$ cat upload.cif   # mmCIF, N, CA and C atoms and all ligand atoms
data_final
#
loop_
_atom_site.label_atom_id
_atom_site.label_comp_id
_atom_site.auth_asym_id
_atom_site.auth_seq_id
_atom_site.Cartn_x
_atom_site.Cartn_y
_atom_site.Cartn_z
N SER A 1 41.28 -2.30 2.28
CA SER A 1 42.06 -3.52 2.48
C SER A 1 41.15 -4.70 2.77
N GLU A 2 41.76 -5.81 3.15
CA GLU A 2 41.06 -7.09 3.22
C GLU A 2 41.25 -7.67 4.62
N ARG A 3 40.43 -8.66 5.00
CA ARG A 3 40.71 -9.38 6.24
C ARG A 3 40.63 -10.88 6.02
N THR A 4 41.36 -11.60 6.88
CA THR A 4 41.41 -13.06 6.79
C THR A 4 41.34 -13.66 8.18
N LEU A 5 40.96 -14.94 8.23
CA LEU A 5 40.92 -15.66 9.50
C LEU A 5 42.15 -16.56 9.54
N VAL A 6 42.98 -16.36 10.55
CA VAL A 6 44.17 -17.19 10.74
C VAL A 6 43.99 -18.02 12.00
N LEU A 7 44.34 -19.30 11.93
CA LEU A 7 44.40 -20.14 13.12
C LEU A 7 45.83 -20.59 13.34
N VAL A 8 46.29 -20.54 14.59
CA VAL A 8 47.46 -21.32 14.99
C VAL A 8 46.87 -22.58 15.61
N LYS A 9 47.07 -23.69 14.92
CA LYS A 9 46.44 -24.96 15.31
C LYS A 9 47.07 -25.50 16.59
N PRO A 10 46.46 -26.55 17.21
CA PRO A 10 46.97 -27.06 18.49
C PRO A 10 48.45 -27.45 18.47
N ASP A 11 48.96 -27.93 17.35
CA ASP A 11 50.39 -28.28 17.30
C ASP A 11 51.25 -27.02 17.42
N GLY A 12 50.81 -25.94 16.80
CA GLY A 12 51.56 -24.68 16.86
C GLY A 12 51.57 -24.10 18.26
N VAL A 13 50.41 -24.17 18.94
CA VAL A 13 50.34 -23.66 20.32
C VAL A 13 51.19 -24.52 21.23
N ARG A 14 51.04 -25.86 21.09
CA ARG A 14 51.79 -26.79 21.96
C ARG A 14 53.29 -26.58 21.81
N ARG A 15 53.73 -26.30 20.60
CA ARG A 15 55.17 -26.16 20.35
C ARG A 15 55.69 -24.75 20.61
N GLY A 16 54.83 -23.86 21.07
CA GLY A 16 55.29 -22.52 21.43
C GLY A 16 55.57 -21.64 20.23
N LEU A 17 54.79 -21.84 19.14
CA LEU A 17 55.03 -21.10 17.91
C LEU A 17 54.05 -19.94 17.68
N VAL A 18 53.24 -19.63 18.70
CA VAL A 18 52.29 -18.52 18.52
C VAL A 18 53.03 -17.22 18.26
N GLY A 19 54.05 -16.94 19.06
CA GLY A 19 54.82 -15.70 18.89
C GLY A 19 55.51 -15.64 17.53
N GLU A 20 56.05 -16.77 17.11
CA GLU A 20 56.70 -16.87 15.80
C GLU A 20 55.73 -16.52 14.67
N VAL A 21 54.53 -17.09 14.73
CA VAL A 21 53.53 -16.85 13.68
C VAL A 21 53.08 -15.39 13.72
N ILE A 22 52.75 -14.89 14.90
CA ILE A 22 52.30 -13.49 15.01
C ILE A 22 53.42 -12.55 14.58
N GLY A 23 54.66 -12.87 14.96
CA GLY A 23 55.80 -12.03 14.56
C GLY A 23 55.93 -11.93 13.05
N ARG A 24 55.77 -13.04 12.37
CA ARG A 24 55.87 -13.01 10.89
C ARG A 24 54.74 -12.18 10.29
N ILE A 25 53.54 -12.33 10.85
CA ILE A 25 52.39 -11.55 10.35
C ILE A 25 52.64 -10.05 10.57
N GLU A 26 53.11 -9.70 11.76
CA GLU A 26 53.32 -8.28 12.07
C GLU A 26 54.50 -7.70 11.29
N ARG A 27 55.58 -8.45 11.17
CA ARG A 27 56.74 -7.93 10.44
C ARG A 27 56.45 -7.76 8.96
N LYS A 28 55.54 -8.59 8.43
CA LYS A 28 55.12 -8.42 7.04
C LYS A 28 54.38 -7.09 6.85
N GLY A 29 53.75 -6.61 7.91
CA GLY A 29 53.05 -5.32 7.82
C GLY A 29 51.55 -5.42 8.04
N PHE A 30 51.07 -6.60 8.44
CA PHE A 30 49.64 -6.76 8.66
C PHE A 30 49.28 -6.42 10.11
N THR A 31 47.98 -6.22 10.31
CA THR A 31 47.46 -5.80 11.61
C THR A 31 46.52 -6.85 12.18
N LEU A 32 46.72 -7.20 13.46
CA LEU A 32 45.78 -8.07 14.17
C LEU A 32 44.62 -7.22 14.66
N THR A 33 43.40 -7.65 14.38
CA THR A 33 42.26 -6.89 14.90
C THR A 33 41.40 -7.70 15.86
N ALA A 34 41.67 -9.00 16.01
CA ALA A 34 41.02 -9.82 17.03
C ALA A 34 41.91 -11.02 17.28
N LEU A 35 41.90 -11.50 18.53
CA LEU A 35 42.74 -12.66 18.87
C LEU A 35 42.11 -13.40 20.04
N ASP A 36 42.05 -14.73 19.93
CA ASP A 36 41.43 -15.52 20.99
C ASP A 36 42.12 -16.88 21.10
N LEU A 37 42.56 -17.23 22.31
CA LEU A 37 43.12 -18.55 22.60
C LEU A 37 42.06 -19.37 23.30
N ARG A 38 41.68 -20.50 22.69
CA ARG A 38 40.68 -21.34 23.35
C ARG A 38 40.70 -22.76 22.76
N VAL A 39 40.13 -23.71 23.51
CA VAL A 39 39.89 -25.03 22.94
C VAL A 39 38.65 -24.90 22.08
N MET A 40 38.79 -25.13 20.79
CA MET A 40 37.67 -24.95 19.86
C MET A 40 36.63 -26.04 20.07
N ASP A 41 35.36 -25.66 20.04
CA ASP A 41 34.33 -26.69 20.19
C ASP A 41 34.09 -27.40 18.86
N ARG A 42 33.56 -28.62 19.01
CA ARG A 42 33.37 -29.51 17.88
C ARG A 42 32.52 -28.89 16.77
N GLU A 43 31.45 -28.19 17.15
CA GLU A 43 30.55 -27.59 16.15
C GLU A 43 31.30 -26.57 15.29
N THR A 44 32.11 -25.75 15.94
CA THR A 44 32.88 -24.73 15.22
C THR A 44 33.83 -25.38 14.22
N ILE A 45 34.53 -26.43 14.67
CA ILE A 45 35.51 -27.09 13.80
C ILE A 45 34.81 -27.86 12.68
N GLU A 46 33.68 -28.50 12.99
CA GLU A 46 32.94 -29.21 11.93
C GLU A 46 32.44 -28.23 10.87
N ARG A 47 31.97 -27.06 11.30
CA ARG A 47 31.57 -26.04 10.30
C ARG A 47 32.77 -25.58 9.50
N HIS A 48 33.89 -25.37 10.20
CA HIS A 48 35.09 -24.86 9.53
C HIS A 48 35.58 -25.81 8.44
N TYR A 49 35.53 -27.12 8.72
CA TYR A 49 36.04 -28.11 7.77
C TYR A 49 34.92 -28.88 7.06
N ALA A 50 33.73 -28.28 6.95
CA ALA A 50 32.57 -28.97 6.34
C ALA A 50 32.88 -29.49 4.93
N GLU A 51 33.71 -28.76 4.18
CA GLU A 51 34.02 -29.20 2.80
C GLU A 51 34.78 -30.53 2.78
N HIS A 52 35.39 -30.90 3.89
CA HIS A 52 36.18 -32.15 3.93
C HIS A 52 35.42 -33.32 4.54
N GLU A 53 34.15 -33.11 4.95
CA GLU A 53 33.37 -34.18 5.56
C GLU A 53 33.32 -35.38 4.62
N GLY A 54 33.57 -36.58 5.17
CA GLY A 54 33.56 -37.79 4.36
C GLY A 54 34.93 -38.21 3.86
N LYS A 55 35.90 -37.28 3.88
CA LYS A 55 37.25 -37.67 3.46
C LYS A 55 37.93 -38.45 4.58
N PRO A 56 38.89 -39.32 4.24
CA PRO A 56 39.52 -40.17 5.26
C PRO A 56 40.21 -39.38 6.37
N PHE A 57 40.71 -38.18 6.06
CA PHE A 57 41.43 -37.45 7.10
C PHE A 57 40.51 -36.58 7.97
N TYR A 58 39.18 -36.56 7.64
CA TYR A 58 38.28 -35.62 8.32
C TYR A 58 38.14 -35.90 9.83
N ALA A 59 37.82 -37.16 10.21
CA ALA A 59 37.59 -37.47 11.63
C ALA A 59 38.84 -37.22 12.47
N PRO A 60 40.02 -37.73 12.06
CA PRO A 60 41.22 -37.41 12.86
C PRO A 60 41.54 -35.91 12.89
N LEU A 61 41.20 -35.20 11.81
CA LEU A 61 41.45 -33.76 11.80
C LEU A 61 40.56 -33.05 12.83
N VAL A 62 39.28 -33.43 12.90
CA VAL A 62 38.37 -32.82 13.88
C VAL A 62 38.84 -33.15 15.29
N GLU A 63 39.25 -34.42 15.52
CA GLU A 63 39.77 -34.82 16.84
C GLU A 63 40.96 -33.95 17.23
N PHE A 64 41.90 -33.85 16.31
CA PHE A 64 43.12 -33.07 16.55
C PHE A 64 42.79 -31.61 16.86
N MET A 65 41.90 -31.03 16.07
CA MET A 65 41.62 -29.59 16.18
C MET A 65 40.82 -29.24 17.43
N THR A 66 40.19 -30.27 18.06
CA THR A 66 39.43 -30.01 19.29
C THR A 66 40.15 -30.55 20.52
N SER A 67 41.39 -31.02 20.36
CA SER A 67 42.10 -31.73 21.43
C SER A 67 42.82 -30.81 22.40
N ALA A 68 43.08 -29.59 22.01
CA ALA A 68 43.91 -28.68 22.82
C ALA A 68 43.70 -27.26 22.27
N PRO A 69 44.17 -26.24 22.99
CA PRO A 69 43.89 -24.87 22.56
C PRO A 69 44.51 -24.51 21.20
N SER A 70 43.78 -23.69 20.48
CA SER A 70 44.25 -23.05 19.26
C SER A 70 44.16 -21.55 19.48
N VAL A 71 44.81 -20.80 18.59
CA VAL A 71 44.63 -19.35 18.58
C VAL A 71 43.94 -18.98 17.28
N ALA A 72 42.83 -18.23 17.41
CA ALA A 72 42.14 -17.69 16.23
C ALA A 72 42.41 -16.19 16.18
N MET A 73 42.64 -15.68 14.97
CA MET A 73 42.92 -14.25 14.81
C MET A 73 42.23 -13.73 13.57
N ILE A 74 41.84 -12.46 13.61
CA ILE A 74 41.48 -11.74 12.40
C ILE A 74 42.67 -10.86 12.05
N VAL A 75 43.14 -10.97 10.81
CA VAL A 75 44.30 -10.20 10.36
C VAL A 75 43.86 -9.35 9.17
N GLU A 76 44.26 -8.09 9.20
CA GLU A 76 43.86 -7.15 8.14
C GLU A 76 45.04 -6.60 7.38
N GLY A 77 44.83 -6.30 6.11
CA GLY A 77 45.86 -5.63 5.32
C GLY A 77 45.63 -5.82 3.84
N GLU A 78 46.53 -5.23 3.07
CA GLU A 78 46.45 -5.26 1.61
C GLU A 78 46.62 -6.70 1.11
N ARG A 79 45.62 -7.23 0.43
CA ARG A 79 45.66 -8.58 -0.15
C ARG A 79 46.16 -9.62 0.87
N VAL A 80 45.68 -9.48 2.10
CA VAL A 80 46.17 -10.33 3.19
C VAL A 80 45.81 -11.81 3.00
N ILE A 81 44.71 -12.09 2.30
CA ILE A 81 44.29 -13.49 2.12
C ILE A 81 45.37 -14.25 1.35
N GLU A 82 45.72 -13.72 0.19
CA GLU A 82 46.74 -14.35 -0.66
C GLU A 82 48.11 -14.30 0.03
N SER A 83 48.40 -13.18 0.64
CA SER A 83 49.71 -12.99 1.23
C SER A 83 49.94 -13.92 2.42
N PHE A 84 48.92 -14.09 3.27
CA PHE A 84 49.14 -14.99 4.41
C PHE A 84 49.33 -16.43 3.93
N ARG A 85 48.61 -16.83 2.89
CA ARG A 85 48.80 -18.20 2.38
C ARG A 85 50.21 -18.40 1.83
N ALA A 86 50.77 -17.32 1.27
CA ALA A 86 52.17 -17.39 0.83
C ALA A 86 53.11 -17.50 2.03
N LEU A 87 52.83 -16.76 3.10
CA LEU A 87 53.65 -16.87 4.32
C LEU A 87 53.55 -18.27 4.91
N ALA A 88 52.35 -18.88 4.84
CA ALA A 88 52.13 -20.20 5.45
C ALA A 88 52.82 -21.30 4.66
N GLY A 89 52.83 -21.20 3.33
CA GLY A 89 53.34 -22.29 2.50
C GLY A 89 52.22 -23.29 2.19
N VAL A 90 52.49 -24.21 1.27
CA VAL A 90 51.45 -25.16 0.84
C VAL A 90 51.11 -26.16 1.94
N THR A 91 49.96 -26.83 1.76
CA THR A 91 49.39 -27.70 2.80
C THR A 91 50.36 -28.78 3.28
N ASP A 92 51.02 -29.45 2.34
CA ASP A 92 51.97 -30.53 2.69
C ASP A 92 53.30 -29.90 3.11
N PRO A 93 53.65 -30.01 4.40
CA PRO A 93 54.84 -29.30 4.91
C PRO A 93 56.15 -29.75 4.27
N ILE A 94 56.15 -30.96 3.67
CA ILE A 94 57.37 -31.40 3.00
C ILE A 94 57.56 -30.65 1.69
N LYS A 95 56.44 -30.27 1.08
CA LYS A 95 56.50 -29.50 -0.17
C LYS A 95 56.59 -28.00 0.08
N ALA A 96 56.20 -27.57 1.28
CA ALA A 96 56.24 -26.14 1.60
C ALA A 96 57.69 -25.66 1.59
N LEU A 97 57.94 -24.53 0.96
CA LEU A 97 59.32 -24.05 0.81
C LEU A 97 59.89 -23.58 2.14
N PRO A 98 61.20 -23.82 2.33
CA PRO A 98 61.89 -23.19 3.47
C PRO A 98 61.66 -21.69 3.41
N GLY A 99 61.47 -21.08 4.56
CA GLY A 99 61.14 -19.65 4.59
C GLY A 99 59.66 -19.43 4.85
N THR A 100 58.84 -20.46 4.57
CA THR A 100 57.42 -20.37 4.93
C THR A 100 57.23 -20.98 6.33
N ILE A 101 56.08 -20.69 6.94
CA ILE A 101 55.82 -21.21 8.30
C ILE A 101 55.81 -22.74 8.27
N ARG A 102 55.05 -23.33 7.34
CA ARG A 102 55.00 -24.79 7.28
C ARG A 102 56.33 -25.37 6.82
N GLY A 103 56.99 -24.71 5.89
CA GLY A 103 58.29 -25.19 5.40
C GLY A 103 59.34 -25.16 6.49
N ASP A 104 59.27 -24.20 7.37
CA ASP A 104 60.28 -24.08 8.42
C ASP A 104 59.99 -24.93 9.65
N PHE A 105 58.70 -25.21 9.94
CA PHE A 105 58.38 -25.76 11.26
C PHE A 105 57.60 -27.06 11.27
N ALA A 106 57.15 -27.59 10.12
CA ALA A 106 56.25 -28.75 10.18
C ALA A 106 56.72 -29.88 9.28
N THR A 107 56.30 -31.11 9.62
CA THR A 107 56.60 -32.28 8.77
C THR A 107 55.36 -33.11 8.46
N ILE A 108 54.24 -32.87 9.14
CA ILE A 108 53.06 -33.73 9.03
C ILE A 108 51.89 -32.91 8.47
N THR A 109 51.21 -33.45 7.45
CA THR A 109 50.16 -32.67 6.78
C THR A 109 49.05 -32.23 7.73
N ARG A 110 48.58 -33.13 8.59
CA ARG A 110 47.51 -32.75 9.52
C ARG A 110 48.00 -31.67 10.48
N GLU A 111 49.25 -31.78 10.90
CA GLU A 111 49.78 -30.87 11.93
C GLU A 111 50.68 -29.85 11.26
N ASN A 112 50.03 -28.96 10.50
CA ASN A 112 50.79 -28.02 9.69
C ASN A 112 50.72 -26.58 10.22
N ILE A 113 50.58 -26.47 11.55
CA ILE A 113 50.78 -25.22 12.33
C ILE A 113 49.69 -24.16 12.17
N VAL A 114 49.36 -23.83 10.92
CA VAL A 114 48.45 -22.70 10.72
C VAL A 114 47.36 -23.01 9.69
N HIS A 115 46.33 -22.18 9.75
CA HIS A 115 45.31 -22.12 8.71
C HIS A 115 45.14 -20.66 8.31
N GLY A 116 44.91 -20.42 7.03
CA GLY A 116 44.50 -19.10 6.58
C GLY A 116 43.40 -19.23 5.54
N SER A 117 42.40 -18.37 5.59
CA SER A 117 41.29 -18.40 4.62
C SER A 117 41.82 -18.35 3.19
N ASP A 118 41.05 -18.95 2.25
CA ASP A 118 41.55 -19.01 0.88
C ASP A 118 40.81 -18.11 -0.11
N SER A 119 39.79 -17.36 0.34
CA SER A 119 39.08 -16.44 -0.55
C SER A 119 38.32 -15.43 0.31
N VAL A 120 37.84 -14.37 -0.32
CA VAL A 120 37.07 -13.36 0.41
C VAL A 120 35.83 -14.00 1.02
N ASP A 121 35.15 -14.85 0.26
CA ASP A 121 33.94 -15.50 0.77
C ASP A 121 34.24 -16.40 1.96
N SER A 122 35.29 -17.22 1.84
CA SER A 122 35.58 -18.11 2.97
C SER A 122 36.10 -17.30 4.16
N ALA A 123 36.82 -16.22 3.94
CA ALA A 123 37.28 -15.39 5.05
C ALA A 123 36.08 -14.84 5.84
N GLU A 124 35.08 -14.33 5.14
CA GLU A 124 33.92 -13.77 5.84
C GLU A 124 33.15 -14.87 6.58
N ARG A 125 33.02 -16.04 5.93
CA ARG A 125 32.33 -17.17 6.58
C ARG A 125 33.10 -17.64 7.81
N GLU A 126 34.41 -17.74 7.70
CA GLU A 126 35.23 -18.24 8.81
C GLU A 126 35.30 -17.22 9.95
N ILE A 127 35.36 -15.93 9.63
CA ILE A 127 35.36 -14.91 10.68
C ILE A 127 34.05 -14.99 11.47
N LYS A 128 32.95 -15.17 10.76
CA LYS A 128 31.64 -15.30 11.42
C LYS A 128 31.61 -16.54 12.32
N ASN A 129 32.25 -17.61 11.88
CA ASN A 129 32.27 -18.87 12.64
C ASN A 129 33.08 -18.72 13.94
N PHE A 130 34.26 -18.11 13.86
CA PHE A 130 35.13 -18.01 15.04
C PHE A 130 34.91 -16.74 15.84
N PHE A 131 34.45 -15.67 15.19
CA PHE A 131 34.25 -14.38 15.86
C PHE A 131 32.90 -13.78 15.45
N PRO A 132 31.79 -14.40 15.92
CA PRO A 132 30.47 -13.90 15.51
C PRO A 132 30.31 -12.40 15.77
N GLU A 133 30.99 -11.91 16.83
CA GLU A 133 30.85 -10.48 17.18
C GLU A 133 31.57 -9.57 16.19
N HIS A 134 32.43 -10.12 15.33
CA HIS A 134 33.13 -9.31 14.32
C HIS A 134 32.59 -9.55 12.92
N ALA A 135 31.46 -10.25 12.78
CA ALA A 135 30.96 -10.64 11.44
C ALA A 135 30.57 -9.42 10.60
P1 LIG B 1 43.90 -25.01 5.94
O1 LIG B 1 42.47 -25.03 5.42
O2 LIG B 1 44.07 -25.63 7.29
O3 LIG B 1 44.61 -23.71 5.76
P2 LIG B 1 44.76 -25.88 3.43
O4 LIG B 1 43.75 -24.96 2.86
O5 LIG B 1 46.18 -25.73 3.08
O6 LIG B 1 44.71 -25.94 4.98
P3 LIG B 1 42.93 -28.08 2.95
O7 LIG B 1 43.06 -28.91 1.74
O8 LIG B 1 41.77 -27.13 3.07
O9 LIG B 1 44.35 -27.36 3.14
O10 LIG B 1 42.94 -29.06 4.20
C1 LIG B 1 42.57 -28.58 5.45
C2 LIG B 1 43.44 -29.20 6.51
O11 LIG B 1 43.16 -30.59 6.58
C3 LIG B 1 44.95 -29.12 6.25
O12 LIG B 1 45.51 -27.92 6.67
C4 LIG B 1 45.45 -30.29 7.05
O13 LIG B 1 45.52 -29.95 8.44
C5 LIG B 1 44.34 -31.32 6.86
N1 LIG B 1 44.61 -32.20 5.73
C6 LIG B 1 44.43 -31.92 4.41
N2 LIG B 1 44.79 -32.96 3.65
C7 LIG B 1 45.19 -33.93 4.50
C8 LIG B 1 45.69 -35.26 4.34
N3 LIG B 1 45.82 -35.82 3.15
N4 LIG B 1 46.01 -35.94 5.46
C9 LIG B 1 45.86 -35.41 6.70
N5 LIG B 1 45.40 -34.16 6.92
C10 LIG B 1 45.07 -33.44 5.84
#

$ encode --input "upload.cif" --output "structure tokens" --more "lines below"
Ligand code: ATP
Amino acid sequence: SERTLVLVKPDGVRRGLVGEVIGRIERKGFTLTALDLRVMDRETIERHYAEHEGKPFYAPLVEFMTSAPSVAMIVEGERVIESFRALAGVTDPIKALPGTIRGDFATITRENIVHGSDSVDSAEREIKNFFPEHA
């Protein structure tokens, strides 16, 4: 099977949606193998979003992501990378379908509740970034 890095971003934690997100992951049939609630440090978030450096939304995104606690998780299961992105819905919560996490709970692109890795390579890189001990 596969593993992915999932974040419940500060908006999701603040709104009390950690249980909702974990419940959907578990009911789908995936397994949590690591979980950590913490205020993410700037270096970790800058590495995580390095591909967006220079874009207009980058600075406010880094501010937002370091402003309050997030939950980072490693989730394992069959094709979990693709499957979790389907559970999350597309980046823009207005376009995300009802029934997805973003479609059901979010309205603002920056504050779209969750992150999930988008490929095997990025999953391994992101797991190393948030959970060096599980690399
Ligand atoms: P994530 O990487 O968080 O799962 P994603 O892969 O769906 O999201 P990306 O295009 O990689 O989307 O963007 C990363 C994050 O940056 C988004 O989840 C969102 O929080 C923020 N973001 C992306 N585009 C915008 C935008 N136009 N305005 C504000 N924030 C944005």

$ closest_atom_pairs --input "upload.cif" --of "chain A" --to "ligand LIG 1 (chain B)" --cutoff "7 Å" --atoms "all atoms listed in the file" --output "tab-separated table"
residue	atom	partner	partner_atom	distance
A:Tyr49	CA	B:LIG1	C1	6.9
A:Pro56	C	B:LIG1	N4	6.8
A:Phe57	CA	B:LIG1	C9	4.9
A:Tyr58	N	B:LIG1	N5	6.7
A:Leu61	CA	B:LIG1	C5	6.2
A:Gly89	C	B:LIG1	O5	6.6
A:Val90	C	B:LIG1	O5	5.1
A:Thr91	CA	B:LIG1	O5	3.8
A:Asp92	N	B:LIG1	O5	6.1
A:Ile108	C	B:LIG1	C9	6.8
A:Thr109	C	B:LIG1	C4	4.1
A:Arg110	CA	B:LIG1	O13	3.6
A:Glu111	N	B:LIG1	O13	4.8
A:Asn112	N	B:LIG1	O13	5.1
A:Ile113	N	B:LIG1	O13	6.9
A:Val114	C	B:LIG1	O2	4.8
A:His115	CA	B:LIG1	O3	3.4
A:Gly116	N	B:LIG1	O3	3.5
A:Ser117	N	B:LIG1	O3	5.8
A:Asp118	N	B:LIG1	O4	6.6

$ residues_around --input "upload.cif" --residues "segment 35-46 of chain A" --least-positions-apart "6" --cutoff "7 Å" --atoms "only N, CA and C atoms" --output "short mmCIF file (atom, residue, chain, number, x, y, z; two decimals) with N, CA and C atoms, in the frame of the given file"
data_model
loop_
_atom_site.label_atom_id
_atom_site.label_comp_id
_atom_site.auth_asym_id
_atom_site.auth_seq_id
_atom_site.Cartn_x
_atom_site.Cartn_y
_atom_site.Cartn_z
N VAL A 62 39.28 -33.43 12.90
CA VAL A 62 38.37 -32.82 13.88
C VAL A 62 38.84 -33.15 15.29
N MET A 65 41.90 -31.03 16.07
CA MET A 65 41.62 -29.59 16.18
C MET A 65 40.82 -29.24 17.43
N THR A 66 40.19 -30.27 18.06
CA THR A 66 39.43 -30.01 19.29
C THR A 66 40.15 -30.55 20.52
N SER A 67 41.39 -31.02 20.36
CA SER A 67 42.10 -31.73 21.43
C SER A 67 42.82 -30.81 22.40
N ALA A 68 43.08 -29.59 22.01
CA ALA A 68 43.91 -28.68 22.82
C ALA A 68 43.70 -27.26 22.27
N PRO A 69 44.17 -26.24 22.99
CA PRO A 69 43.89 -24.87 22.56
C PRO A 69 44.51 -24.51 21.20
N SER A 70 43.78 -23.69 20.48
CA SER A 70 44.25 -23.05 19.26
C SER A 70 44.16 -21.55 19.48
N VAL A 71 44.81 -20.80 18.59
CA VAL A 71 44.63 -19.35 18.58
C VAL A 71 43.94 -18.98 17.28
N ALA A 72 42.83 -18.23 17.41
CA ALA A 72 42.14 -17.69 16.23
C ALA A 72 42.41 -16.19 16.18
N MET A 73 42.64 -15.68 14.97
CA MET A 73 42.92 -14.25 14.81
C MET A 73 42.23 -13.73 13.57
N ILE A 74 41.84 -12.46 13.61
CA ILE A 74 41.48 -11.74 12.40
C ILE A 74 42.67 -10.86 12.05
N ASN A 129 32.25 -17.61 11.88
CA ASN A 129 32.27 -18.87 12.64
C ASN A 129 33.08 -18.72 13.94
N PHE A 130 34.26 -18.11 13.86
CA PHE A 130 35.13 -18.01 15.04
C PHE A 130 34.91 -16.74 15.84
#

$ select_by_dssp --input "upload.cif" --residues "segment 54-124 of chain A" --states "strand (DSSP E)" --output "PyMOL selection string"
chain A and resi 70-77+114-116

$ residues_around --input "upload.cif" --residues "Glu76 of chain A" --least-positions-apart "6" --cutoff "6.5 Å" --atoms "all atoms listed in the file" --output "PyMOL selection string"
chain A and resi 1-4+30-33

$ atom_distance --input "upload.cif" --atom1 "atom N of Asp11 of chain A" --atom2 "atom N of Glu63 of chain A"
11.8 Å

$ select_by_dssp --input "upload.cif" --residues "segment 25-134 of chain A" --states "helix (DSSP H, G or I)" --output "ChimeraX atom specification"
/A:25-28,42-48,50-52,58-65,80-88,101-105,120-130,132-134

$ atom_distance --input "upload.cif" --atom1 "atom CA of Ile94 of chain A" --atom2 "atom CA of Val75 of chain A"
26.0 Å

$ atom_distance --input "upload.cif" --atom1 "atom N of Glu124 of chain A" --atom2 "atom C of Arg24 of chain A"
20.4 Å

$ closest_residue --input "upload.cif" --among "A:Ala59, A:Val8, A:Glu51, A:Val21" --to "Ile101 of chain A" --atoms "only N, CA and C atoms"
A:Val21

$ closest_residue --input "upload.cif" --among "A:Glu78, A:Glu133, A:Asp121, A:Glu126" --to "Arg47 of chain A" --atoms "only C-alpha atoms"
A:Glu126

$ axis_aligned_box --input "upload.cif" --around "segment 17-23 of chain A" --padding-each-side "5 Å" --output "JSON"
{"center_x": 54.5, "center_y": -16.9, "center_z": 16.1, "size_x": 14.4, "size_y": 19.9, "size_z": 16.1}

$ closest_residue --input "upload.cif" --among "A:Pro98, A:Arg14, A:Leu87, A:Lys9" --to "Lys28 of chain A" --atoms "only C-alpha atoms"
A:Leu87

$ closest_residue --input "upload.cif" --among "A:Ile22, A:Leu97, A:Ala123, A:Ala106" --to "Leu5 of chain A" --atoms "only N, CA and C atoms"
A:Ala123
